[in-house]
Amino acid sequence: MKGGATDGSAKAIDKALSAARKVLRRAPVFDGHNDLPWTVRVKTARGDVMAYDLSRVHEEADTDIPRLREGMVGAQFWAAFQPTNAPHPARTALEQIDLIRRMEEAHPDVLAPARQAADFAKAKALGKIASFIAVEGGVGLENSLAPLRIWRAAGVRLMTLCHNESLDWVDSATDAPRNGGINAFGRAVIGELNRLGVAIDLAHASHDAMRRVLDVTEAPVILSHSNAYSLCDHPRNAPDDVLRRLKTNRGLVMATFVPGFVSQALRDWQRRSRDAYGKALPAADPKAQAAEFDAKRGSAPKATLEQVADHIERLIETAGVNHVGIGSDYFGGPSPAGLENVSRFPYLIAELVRRGYSDRDLEKIASRNALRVLRQVESVGRRLRVSRPPAIGGLADYPGA
Ligand SMILES: [Zn+2]
């Protein structure tokens, strides 16, 4: 029945949805990526969490507390994201980590600060959502290793190596390569993340960077918001050889909802206005260009919940069911039909119920795989901190970089 036609009648949907909710009561969703902290930063003066007020429904956006509850989210990696070219990268990373911590402090009855995998069960027992912090973008290191230790002390447990641009030590999926994947300093960053017990996020890294990191990492890796390249050939998605290596690495790929990484039809539609790396081409007159595209190509194809389920199936076929999770990448922008906001996770699980997956597999995809990976990352860190001193210095100290 997997991958086959599903019974879409209202009765079947109700039945699958109640089965999905049952699964999620046991294993609530651990979502790998949400950009709410950046939304709060840009929509309020000075990132004022109290003024944004997460406790009310934000119809204009996709994430708030009432809908996290409805969506049966048990844990969230919040992204301390910043655009690569923003001024003051080290400061901005700290400001976004601080913003997430202020979110936790503003809603102590809902968000439980989570700094290890075991905090998930503790939060669940208290009826709270485990709040994990991720840094999205190694640009905030400013080519130094010291911030890694400060970030960890501040609660960071996942680091996305780069964003849409290559850095001095790691190549981005959506930019020209400069480092053959990663260079010597990049390898030092990987080693120190292993030692600290902070998970390495290969989302946004180039395919070669993914391969080079898998060559050297001593802990499992996570792709916190990436799909299968074989189903949608956006460079942000992971190729089959990388997905297969997650089995031996014991890592995790978390399927994402970003429409351009989900739908091949949309990717093809976007191609004329994008360069080889998927970046929007500069237009002299963006409005005229958009009108021209609309006239020639018709309106954009829409990505769907069913297509996200197709990616999850392909990721399972390639990486194995023990290595797949969900990383929505809700960011206040467009989402696939059926997955408009964080309340919709049960509908995605329901689609997988209809495709014949067992409760046990669905619990793994919802959160058990993510928790297992974090536990393994923690245990590698504990072991390495006994045998290896902190790596110090910066880019210039790593010749060959
Ligand atoms: Zn991202």
# chains A, B, ... in the order shown; residues from 1 in each chain; ligands from 1
>>> select_by_dssp(residues="segment 126-365 of chain A", states="strand (DSSP E)", output="NGL selection string")
:A and (129-136 or 156-160 or 199-201 or 221-223 or 252-255 or 324-326)
>>> residues_around(residues="Asp62 of chain A", least_positions_apart="5", cutoff="10 Å", atoms="only C-alpha atoms", output="list in words")
Asn34, Leu36, Val57, Arg67, Leu68, Tyr330, Phe331, Gly332, Gly333, Pro334, Ser335, Leu339, Glu340, Asn341, Val342 and Ser343 of chain A
>>> closest_atom_pairs(of="segment 131-217 of chain A", to="segment 372-393 of chain A", cutoff="8 Å", atoms="only C-alpha atoms", output="JSON lines")
{"residue": "A:Ser144", "atom": "CA", "partner": "A:Gly393", "partner_atom": "CA", "distance": 6.1}
{"residue": "A:Leu145", "atom": "CA", "partner": "A:Ile392", "partner_atom": "CA", "distance": 5.9}
{"residue": "A:Ala146", "atom": "CA", "partner": "A:Ile392", "partner_atom": "CA", "distance": 6.6}
{"residue": "A:Ala188", "atom": "CA", "partner": "A:Ala391", "partner_atom": "CA", "distance": 7.1}
{"residue": "A:Glu192", "atom": "CA", "partner": "A:Ala391", "partner_atom": "CA", "distance": 6.2}
{"residue": "A:Asn194", "atom": "CA", "partner": "A:Gly381", "partner_atom": "CA", "distance": 5.6}
{"residue": "A:Arg195", "atom": "CA", "partner": "A:Gly381", "partner_atom": "CA", "distance": 4.4}
{"residue": "A:Leu196", "atom": "CA", "partner": "A:Gly381", "partner_atom": "CA", "distance": 5.2}
{"residue": "A:Gly197", "atom": "CA", "partner": "A:Gly381", "partner_atom": "CA", "distance": 4.0}
{"residue": "A:Val198", "atom": "CA", "partner": "A:Val377", "partner_atom": "CA", "distance": 6.8}
{"residue": "A:Ala199", "atom": "CA", "partner": "A:Val377", "partner_atom": "CA", "distance": 6.1}
>>> residues_near_ligand(ligand="ligand 1", cutoff="8 Å", atoms="only C-alpha atoms and all ligand atoms", output="ChimeraX atom specification")
/A:33,81,136,163-164,203-204,225,329
>>> write_last_selection(atoms="all heavy atoms", output="PDB file, in the first residue's frame")
ATOM      1  N   HIS A  33      13.092  22.538  12.400  1.00  0.00           N
ATOM      2  CA  HIS A  33      13.465  23.897  12.001  1.00  0.00           C
ATOM      3  C   HIS A  33      12.254  24.813  11.913  1.00  0.00           C
ATOM      4  O   HIS A  33      11.310  24.537  11.177  1.00  0.00           O
ATOM      5  CB  HIS A  33      14.166  23.878  10.637  1.00  0.00           C
ATOM      6  CG  HIS A  33      14.898  25.156  10.310  1.00  0.00           C
ATOM      7  ND1 HIS A  33      16.197  25.390  10.698  1.00  0.00           N
ATOM      8  CD2 HIS A  33      14.514  26.275   9.653  1.00  0.00           C
ATOM      9  CE1 HIS A  33      16.580  26.587  10.288  1.00  0.00           C
ATOM     10  NE2 HIS A  33      15.575  27.160   9.650  1.00  0.00           N
ATOM     11  N   PHE A  81      18.584  32.332  13.411  1.00  0.00           N
ATOM     12  CA  PHE A  81      18.989  32.550  12.012  1.00  0.00           C
ATOM     13  C   PHE A  81      19.440  33.987  11.817  1.00  0.00           C
ATOM     14  O   PHE A  81      18.955  34.893  12.483  1.00  0.00           O
ATOM     15  CB  PHE A  81      17.794  32.267  11.084  1.00  0.00           C
ATOM     16  CG  PHE A  81      17.928  32.895   9.720  1.00  0.00           C
ATOM     17  CD1 PHE A  81      18.789  32.357   8.774  1.00  0.00           C
ATOM     18  CD2 PHE A  81      17.217  34.055   9.397  1.00  0.00           C
ATOM     19  CE1 PHE A  81      18.935  32.952   7.517  1.00  0.00           C
ATOM     20  CE2 PHE A  81      17.361  34.647   8.144  1.00  0.00           C
ATOM     21  CZ  PHE A  81      18.218  34.100   7.209  1.00  0.00           C
ATOM     22  N   GLU A 136      21.494  29.039  12.987  1.00  0.00           N
ATOM     23  CA  GLU A 136      21.507  28.828  11.544  1.00  0.00           C
ATOM     24  C   GLU A 136      22.438  29.845  10.917  1.00  0.00           C
ATOM     25  O   GLU A 136      22.104  31.013  10.747  1.00  0.00           O
ATOM     26  CB  GLU A 136      20.114  28.953  10.924  1.00  0.00           C
ATOM     27  CG  GLU A 136      20.150  28.596   9.425  1.00  0.00           C
ATOM     28  CD  GLU A 136      18.775  28.544   8.785  1.00  0.00           C
ATOM     29  OE1 GLU A 136      17.911  29.315   9.204  1.00  0.00           O
ATOM     30  OE2 GLU A 136      18.585  27.729   7.859  1.00  0.00           O
ATOM     31  N   HIS A 163      24.320  29.328   5.512  1.00  0.00           N
ATOM     32  CA  HIS A 163      22.990  29.572   4.937  1.00  0.00           C
ATOM     33  C   HIS A 163      23.145  29.564   3.419  1.00  0.00           C
ATOM     34  O   HIS A 163      23.792  28.643   2.889  1.00  0.00           O
ATOM     35  CB  HIS A 163      22.386  30.872   5.515  1.00  0.00           C
ATOM     36  CG  HIS A 163      20.943  31.019   5.187  1.00  0.00           C
ATOM     37  ND1 HIS A 163      20.444  32.060   4.433  1.00  0.00           N
ATOM     38  CD2 HIS A 163      19.883  30.221   5.474  1.00  0.00           C
ATOM     39  CE1 HIS A 163      19.130  31.899   4.289  1.00  0.00           C
ATOM     40  NE2 HIS A 163      18.767  30.796   4.911  1.00  0.00           N
ATOM     41  N   ASN A 164      22.574  30.534   2.737  1.00  0.00           N
ATOM     42  CA  ASN A 164      22.541  30.470   1.268  1.00  0.00           C
ATOM     43  C   ASN A 164      23.843  30.872   0.585  1.00  0.00           C
ATOM     44  O   ASN A 164      23.934  30.812  -0.634  1.00  0.00           O
ATOM     45  CB  ASN A 164      21.392  31.340   0.737  1.00  0.00           C
ATOM     46  CG  ASN A 164      20.033  30.706   1.024  1.00  0.00           C
ATOM     47  OD1 ASN A 164      19.945  29.488   1.232  1.00  0.00           O
ATOM     48  ND2 ASN A 164      18.996  31.520   1.043  1.00  0.00           N
ATOM     49  N   ALA A 203      21.853  20.835   6.480  1.00  0.00           N
ATOM     50  CA  ALA A 203      20.949  21.592   5.607  1.00  0.00           C
ATOM     51  C   ALA A 203      21.699  22.845   5.153  1.00  0.00           C
ATOM     52  O   ALA A 203      22.453  23.432   5.934  1.00  0.00           O
ATOM     53  CB  ALA A 203      19.685  21.989   6.355  1.00  0.00           C
ATOM     54  N   HIS A 204      21.539  23.226   3.904  1.00  0.00           N
ATOM     55  CA  HIS A 204      22.198  24.393   3.293  1.00  0.00           C
ATOM     56  C   HIS A 204      23.633  24.111   2.842  1.00  0.00           C
ATOM     57  O   HIS A 204      24.181  24.891   2.057  1.00  0.00           O
ATOM     58  CB  HIS A 204      22.210  25.628   4.208  1.00  0.00           C
ATOM     59  CG  HIS A 204      20.880  26.284   4.345  1.00  0.00           C
ATOM     60  ND1 HIS A 204      20.324  27.021   3.322  1.00  0.00           N
ATOM     61  CD2 HIS A 204      19.988  26.313   5.361  1.00  0.00           C
ATOM     62  CE1 HIS A 204      19.136  27.485   3.722  1.00  0.00           C
ATOM     63  NE2 HIS A 204      18.908  27.058   4.950  1.00  0.00           N
ATOM     64  N   HIS A 225      16.332  20.535   7.599  1.00  0.00           N
ATOM     65  CA  HIS A 225      15.221  20.910   6.705  1.00  0.00           C
ATOM     66  C   HIS A 225      15.642  20.727   5.245  1.00  0.00           C
ATOM     67  O   HIS A 225      15.976  21.674   4.568  1.00  0.00           O
ATOM     68  CB  HIS A 225      14.667  22.311   7.003  1.00  0.00           C
ATOM     69  CG  HIS A 225      15.671  23.438   7.069  1.00  0.00           C
ATOM     70  ND1 HIS A 225      16.770  23.415   7.892  1.00  0.00           N
ATOM     71  CD2 HIS A 225      15.710  24.631   6.443  1.00  0.00           C
ATOM     72  CE1 HIS A 225      17.440  24.548   7.743  1.00  0.00           C
ATOM     73  NE2 HIS A 225      16.832  25.309   6.853  1.00  0.00           N
ATOM     74  N   ASP A 329      10.570  24.069   8.544  1.00  0.00           N
ATOM     75  CA  ASP A 329      11.046  25.370   8.062  1.00  0.00           C
ATOM     76  C   ASP A 329       9.901  26.349   7.871  1.00  0.00           C
ATOM     77  O   ASP A 329       9.884  27.097   6.889  1.00  0.00           O
ATOM     78  CB  ASP A 329      11.867  25.241   6.772  1.00  0.00           C
ATOM     79  CG  ASP A 329      12.710  26.505   6.511  1.00  0.00           C
ATOM     80  OD1 ASP A 329      12.723  27.403   7.380  1.00  0.00           O
ATOM     81  OD2 ASP A 329      13.351  26.588   5.456  1.00  0.00           O
TER      82      ASP A 329
END
>>> residues_around(residues="Met50 of chain A", least_positions_apart="5", cutoff="9 Å", atoms="only C-alpha atoms", output="ChimeraX atom specification")
/A:102-103,106
>>> select_by_dssp(residues="segment 58-245 of chain A", states="helix (DSSP H, G or I)", output="ChimeraX atom specification")
/A:65-70,89-106,119-125,138-141,146-153,184-196,207-216,240-245
>>> residues_around(residues="segment 70-75 of chain A", least_positions_apart="5", cutoff="8 Å", atoms="only C-alpha atoms", output="list in words")
Arg21, Leu24, Arg25, Ala27, Pro28, Val29, Phe30, Asp31, Phe120, Ala123, Lys124, Lys128, Ile129, Ala130, Ser131, Phe132, Val342, Ser343, Arg344, Phe345 and Pro346 of chain A
>>> residues_around(residues="segment 53-55 of chain A", least_positions_apart="6", cutoff="12 Å", atoms="only C-alpha atoms", output="list in words")
Leu36, Pro37, Thr39, Val40, Lys43, Thr44, Gly47, Ala61, Asp62, Thr63, Asp64, Ile65, Pro66, Arg67, Leu68, Arg69, Arg102, Met103, Glu104, Ala106, His107, Pro108, Asp109, Val110 and Leu111 of chain A
